[in-house]
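Some notes on the structure that comes next.
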Amino acid sequence: MLNLRLKIIEYIFEHELQSMYLLAPIAFGLGVTTYFNLSSEPQLTYWAISLAGLTLLSFLSFKFDKFFFTIIFITLFVAGFTSGIVRTISVKSPFVQDDDRVTWVRGRLEDIERNGNTAKMILSDLDLWRPDVKKFSAEYTPKNIRITVRTKIDDDIRVGNMVAFKAMLQPPSSRPVFPGGYDYAKVAYFRQIGGVGYAISPVKLFERTEPGLINKFEDYYYKKVHNIIKDKDLAGMVIAQITADRFEVSDELQEKVRNAGLSHLLAISGMNITAVTIWCFFMVRSLFSFFPGIALTHDTKKLSCVVAIFLGFIYLMVTGMPISALRAFLMTLLFFLAIIFDRFSFSLHSVAVAALAIMLVMPEQILFPSLQLSFAAVIGLIGFYGLYQEYFKKDRTYDRGIIEKIFFVFIATLATTIAASFATIPLIVFHFGTIQNYTILANMICVPIVELLLLPFAFLAIIAMPLGLEWLPLKLAELGAIVLRDVSYYVSEKKDSVTHFASLPNYFLWLVIGGFLILFIFKTRIRFIGVPLIITGYAMVFLPPTTPDFVVSESGNLVVMKAPDGNYEYFGAKRQSFALYQFISKLGSDKVEYKEASDECNKEKCIYRNIVFGKELTAGDCDGFDYLVNLGKDKITCKTTEVIDKDRLKAHGTHLIYINEKKLLAVDDLTTDRPWYQR
């Protein structure tokens, strides 16, 4: 057995040495993931000392290949783990107290998203005041707060201004709405948002500050676009390609784009950054060719790389540096640096370096879909292309004709869409519980349109604006936006455009991701170990799910029940709430209907199988039921019946009842004792 292990190790080091370097971000990421999945907070001192010792040991074992790589991987694992601890400590910020009292707020407007009559603001540099406690001391003042505004906002308020208003503030939620659902507690903690709430007075300008260059550019670009493109949705789609702001795109259209599987085309994705930097490179190099004094005496290729890097960085700043754009910029930066320093650039190596850089600075991003989807898409494209080159590509002895070139572009678009979809679908199913059934068809139409029409001409309009020539490029960009809008509406309104899935276990993701990484990273037959892992992971999607029969939200205002046909119906407020959206995405039902009140089932009292719930229950309702969900104010005690009341819901979060399994599960049962859950 020992000889067999040694032979396997020797084979790997002989044939897969180049691939070993690609395992570095995986080892680091496993360390980060392990840290965030602990049930309690570890001690930094212990792990920092361990990291220092392992780093020293790595240098000492440099000449021993087999031991060197093993120690390096362990060191990277510990480094990832330690980076999670350091990041968690470094972003810690106070939370406001939850006491339902009016707070006078003064702060700097960092960001604002408008949607109809509602706006969401992020404020920093806070000065908070309450009549009983006066001015908040520094230790009780959060770094940032998020405010929902339905009152009037002064027209001349801009990002960077100091604003003042009265609000109701409370700490961010300390738990997810649904087990395994969107965890705003983590998001708020790492964004240093220590309070959320809503304004109860008009938002007034307190102090005007001179807007920065980026804010001036955004205002300038908005005005120019709206002067040419009158339709607000179309103008918003063009603006979103440059600034990443989607607040002018209606909720309805954003939902249609999402259901068509085209959300990545409305957001600033890696495609935007890559395309813009490449265009800048070719445009600058073409401009240099008009100046023989420069073209004949300097390496214009390298000069163009420097200019493209600079302009790409400016574009990244304008977009607000979303993770997908940051990943693409880092990869493009490495590509251009390889040209500047006369080195060859390996695509997967660029992915590895970008992943390590992001996880080192923001390790928490590994938990969120944006980073996972971005890297999954690019790894899928590179990996599938590598397989194509190795096993399917044939050398041609002739030039393609025009018909063959068009056909080749069509096939290439289809292949890249399938590759990216195949790599990202598991993550989409896991995080959002849906698959857009026509996403490949929609992307085949819209990706070329966005790449060749919407994005380039939205960008070229920036160059044309100072000359007053922006009409033509913006009109061409508008045509691209029209196609994207119309395709989104057509695809999303088809009856079976979206398939819903119930929550999947974490090991589903580990199987699929692990399988793809093994398949794409290794070069020998070892890679095919990944195939059965991928197939097993995908097969889990089709297994019958175990979903709860009855769900009651933390507030008690929303109850969801499984109907006889397996779909769900909800009872409570008719308003489409965030909680309802989370329930739908995790229950796997494609149809959740509102249950109208009747004499047999209303807010006062309703019976569902062995559960009775309502606001007007008494102790007499205990008999004959396994569960009593008391949504009223009066306390009820039962001898044998499990009682779930508002105090219990508030203390432990959303409750799920599995009738056949005789199981009761609360969100807190799956919530760990970590800093982002502590209030």
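How things are named: the first chain in the structure tokens is A, the next is B, and so on; residues count from 1 in each chain; ligands count from 1 in the order shown.
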Report as CSV: every residue of stretch 125-232 of chain A with an atom at most 12 Å from stretch 481-488 of chain A, its closest pair of atoms, and their distance in Å to one decimal, counting only C-alpha atoms, with rows sorted by chain and ascending residue number.
residue,atom,partner,partner_atom,distance
A:Ile229,CA,A:Ala481,CA,10.6
A:Asp231,CA,A:Ile482,CA,10.1
A:Lys232,CA,A:Ala481,CA,11.3
Residues at most 12 Å from A:Tyr507, counting only C-alpha atoms, excluding those fewer than 4 positions away in the same chain, as an mmCIF file with N, CA, C and O atoms, in the first residue's frame?
data_model
loop_
_atom_site.group_PDB
_atom_site.id
_atom_site.type_symbol
_atom_site.label_atom_id
_atom_site.label_comp_id
_atom_site.auth_asym_id
_atom_site.auth_seq_id
_atom_site.Cartn_x
_atom_site.Cartn_y
_atom_site.Cartn_z
ATOM 1 N N PRO A 426 -24.940 25.023 -11.407
ATOM 2 C CA PRO A 426 -25.002 24.494 -10.034
ATOM 3 C C PRO A 426 -25.036 25.591 -8.976
ATOM 4 O O PRO A 426 -25.758 25.475 -7.969
ATOM 5 N N PHE A 430 -28.100 26.384 -6.429
ATOM 6 C CA PHE A 430 -27.828 26.327 -4.991
ATOM 7 C C PHE A 430 -28.225 27.626 -4.293
ATOM 8 O O PHE A 430 -28.854 27.595 -3.229
ATOM 9 N N SER A 503 -34.118 23.685 -1.663
ATOM 10 C CA SER A 503 -32.765 23.821 -1.121
ATOM 11 C C SER A 503 -31.976 22.529 -1.301
ATOM 12 O O SER A 503 -32.497 21.434 -1.100
ATOM 13 N N LEU A 511 -19.314 18.633 -4.501
ATOM 14 C CA LEU A 511 -19.142 17.608 -5.538
ATOM 15 C C LEU A 511 -18.929 18.241 -6.911
ATOM 16 O O LEU A 511 -17.991 17.896 -7.643
ATOM 17 N N VAL A 512 -19.809 19.173 -7.277
ATOM 18 C CA VAL A 512 -19.747 19.764 -8.610
ATOM 19 C C VAL A 512 -18.500 20.632 -8.776
ATOM 20 O O VAL A 512 -17.763 20.501 -9.767
ATOM 21 N N ILE A 513 -18.252 21.515 -7.817
ATOM 22 C CA ILE A 513 -17.083 22.397 -7.912
ATOM 23 C C ILE A 513 -15.796 21.573 -7.896
ATOM 24 O O ILE A 513 -14.875 21.804 -8.700
ATOM 25 N N GLY A 514 -15.722 20.607 -6.986
ATOM 26 C CA GLY A 514 -14.534 19.754 -6.931
ATOM 27 C C GLY A 514 -14.324 18.998 -8.227
ATOM 28 O O GLY A 514 -13.185 18.886 -8.720
ATOM 29 N N GLY A 515 -15.403 18.485 -8.800
ATOM 30 C CA GLY A 515 -15.290 17.763 -10.065
ATOM 31 C C GLY A 515 -14.776 18.638 -11.192
ATOM 32 O O GLY A 515 -13.888 18.230 -11.961
ATOM 33 N N LEU A 533 -17.768 12.845 -10.293
ATOM 34 C CA LEU A 533 -18.169 13.789 -9.243
ATOM 35 C C LEU A 533 -19.184 14.791 -9.788
ATOM 36 O O LEU A 533 -20.188 15.101 -9.127
ATOM 37 N N ILE A 534 -18.925 15.290 -10.995
ATOM 38 C CA ILE A 534 -19.854 16.251 -11.616
ATOM 39 C C ILE A 534 -21.201 15.591 -11.879
ATOM 40 O O ILE A 534 -22.263 16.160 -11.583
ATOM 41 N N THR A 536 -22.528 12.972 -10.410
ATOM 42 C CA THR A 536 -23.211 12.709 -9.132
ATOM 43 C C THR A 536 -23.848 13.987 -8.590
ATOM 44 O O THR A 536 -24.995 13.973 -8.119
ATOM 45 N N GLY A 537 -23.103 15.106 -8.673
ATOM 46 C CA GLY A 537 -23.647 16.373 -8.200
ATOM 47 C C GLY A 537 -24.871 16.802 -8.974
ATOM 48 O O GLY A 537 -25.901 17.166 -8.385
ATOM 49 N N TYR A 538 -24.787 16.726 -10.308
ATOM 50 C CA TYR A 538 -25.929 17.109 -11.132
ATOM 51 C C TYR A 538 -27.131 16.194 -10.892
ATOM 52 O O TYR A 538 -28.286 16.639 -10.932
ATOM 53 N N MET A 540 -28.080 14.923 -8.184
ATOM 54 C CA MET A 540 -28.757 15.278 -6.936
ATOM 55 C C MET A 540 -29.880 16.275 -7.153
ATOM 56 O O MET A 540 -30.832 16.336 -6.368
ATOM 57 N N VAL A 541 -29.768 17.054 -8.211
ATOM 58 C CA VAL A 541 -30.804 18.051 -8.506
ATOM 59 C C VAL A 541 -32.150 17.384 -8.761
ATOM 60 O O VAL A 541 -33.214 17.944 -8.477
#
Return the single residue from A:Ile273, A:Leu670, A:Val203, A:Ile418 that is closest to A:Ala244, with distances computed using only C-alpha atoms.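 Checking each of A:Ile273, A:Leu670, A:Val203, A:Ile418 against A:Ala244, counting only C-alpha atoms, the winner is A:Ile273.
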Rank A:Thr439, A:Thr33, A:Thr424, A:Asn227 by their smallest atom-to-atom distance to A:Gly80, using only C-alpha atoms, and report the top residue only.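 Smallest distance to A:Gly80 is found for A:Thr33.
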Of the candidates A:Arg327, A:Lys475, A:Ser374, A:Gly588, which shows the shortest atom-to-atom distance to A:Leu454, using only C-alpha atoms? A:Lys475
Neighbours of A:Lys223 within 12 Å (only C-alpha atoms; same-chain residues fewer than 6 positions away dropped), as a PyMOL selection string? chain A and resi 216-217+229-230+232+235-236+239+465+470
Skipping near chain neighbours, those fewer than 4 positions away, what residues fall within 7 Å of A:Phe73 using only C-alpha atoms, listed as number ranges by chain? A: 24, 27, 69, 77
A:Lys92 environment, 9 Å, only C-alpha atoms, sequence neighbours closer than 3 positions dropped, as a compact mmCIF listing (two decimals) with N, CA and C atoms, in the first residue's frame:
# COMPACT_ATOMS: atom_id res chain seq x y z
N ARG A 87 -9.59 39.57 8.93
CA ARG A 87 -10.61 40.39 8.28
C ARG A 87 -11.81 40.61 9.19
N THR A 88 -12.23 39.58 9.88
CA THR A 88 -13.38 39.70 10.79
C THR A 88 -13.10 40.69 11.90
N ILE A 89 -11.90 40.65 12.45
CA ILE A 89 -11.53 41.59 13.52
C ILE A 89 -11.43 43.02 12.98
N TYR A 189 -22.28 42.94 8.31
CA TYR A 189 -21.09 42.95 9.16
C TYR A 189 -19.85 43.35 8.36
N PHE A 190 -19.66 42.74 7.20
CA PHE A 190 -18.44 42.99 6.44
C PHE A 190 -18.51 44.29 5.64
N GLN A 192 -19.72 46.82 7.22
CA GLN A 192 -19.71 47.69 8.39
C GLN A 192 -20.99 48.52 8.48
N PRO A 675 -19.34 36.50 15.25
CA PRO A 675 -19.49 37.96 15.47
C PRO A 675 -20.62 38.59 14.66
N TRP A 676 -20.86 38.12 13.44
CA TRP A 676 -21.88 38.76 12.60
C TRP A 676 -23.30 38.44 13.05
Give the answer as one residue: which of A:Arg527, A:Arg175, A:Lys615, A:Arg108 has the shortest atom-to-atom distance to A:Asp125, using only C-alpha atoms?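 That would be A:Arg108, the residue with the smallest distance to A:Asp125.
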Can you tell me, as a count of residues only, which residues in stretch 344-592 of chain A count as helix (DSSP H, G or I) by DSSP? 167
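Summary of the local environment: counting only C-alpha atoms, residues at most 8 Å from A:Cys280, other than itself and those fewer than 4 positions away along its chain, are Val276, Val284, Ser304, Val307, Ala308 and Leu311 of chain A.
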Show me, as an mmCIF file with C-alpha atoms, in the first residue's frame, the residues that have an atom within 7 Å of A:Thr547 when counting only C-alpha atoms, minus same-chain residues fewer than 2 positions from it.
data_model
loop_
_atom_site.group_PDB
_atom_site.id
_atom_site.type_symbol
_atom_site.label_atom_id
_atom_site.label_comp_id
_atom_site.auth_asym_id
_atom_site.auth_seq_id
_atom_site.Cartn_x
_atom_site.Cartn_y
_atom_site.Cartn_z
ATOM 1 C CA PRO A 545 -36.540 17.081 -2.144
ATOM 2 C CA ASP A 549 -45.119 21.378 5.164
ATOM 3 C CA LEU A 587 -39.073 25.706 -1.140
#
Quick one: of A:Arg158, A:Phe247, A:Phe613, A:Asp99, who's nearest to A:Asp132, counting only C-alpha atoms?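 Smallest distance to A:Asp132 is found for A:Asp99.
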Here is a test: counting only C-alpha atoms, which residue of A:Val159, A:Pro42, A:Cys446, A:Leu427 is nearest to A:Leu266?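 When distances to A:Leu266 are compared using only C-alpha atoms, the smallest one comes from A:Cys446.
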Among the residues of stretch 498-562 of chain A, find those DSSP assigns to strand (DSSP E or B) from the backbone and print them as a PyMOL selection string. chain A and resi 498-500+502+550-552+558-562
One decimal, Å: what's the distance from atom CA of A:Phe384 over to atom CA of A:Ile309, could you say?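 Separating atom CA of A:Phe384 from atom CA of A:Ile309 is a distance of 27.7 Å.
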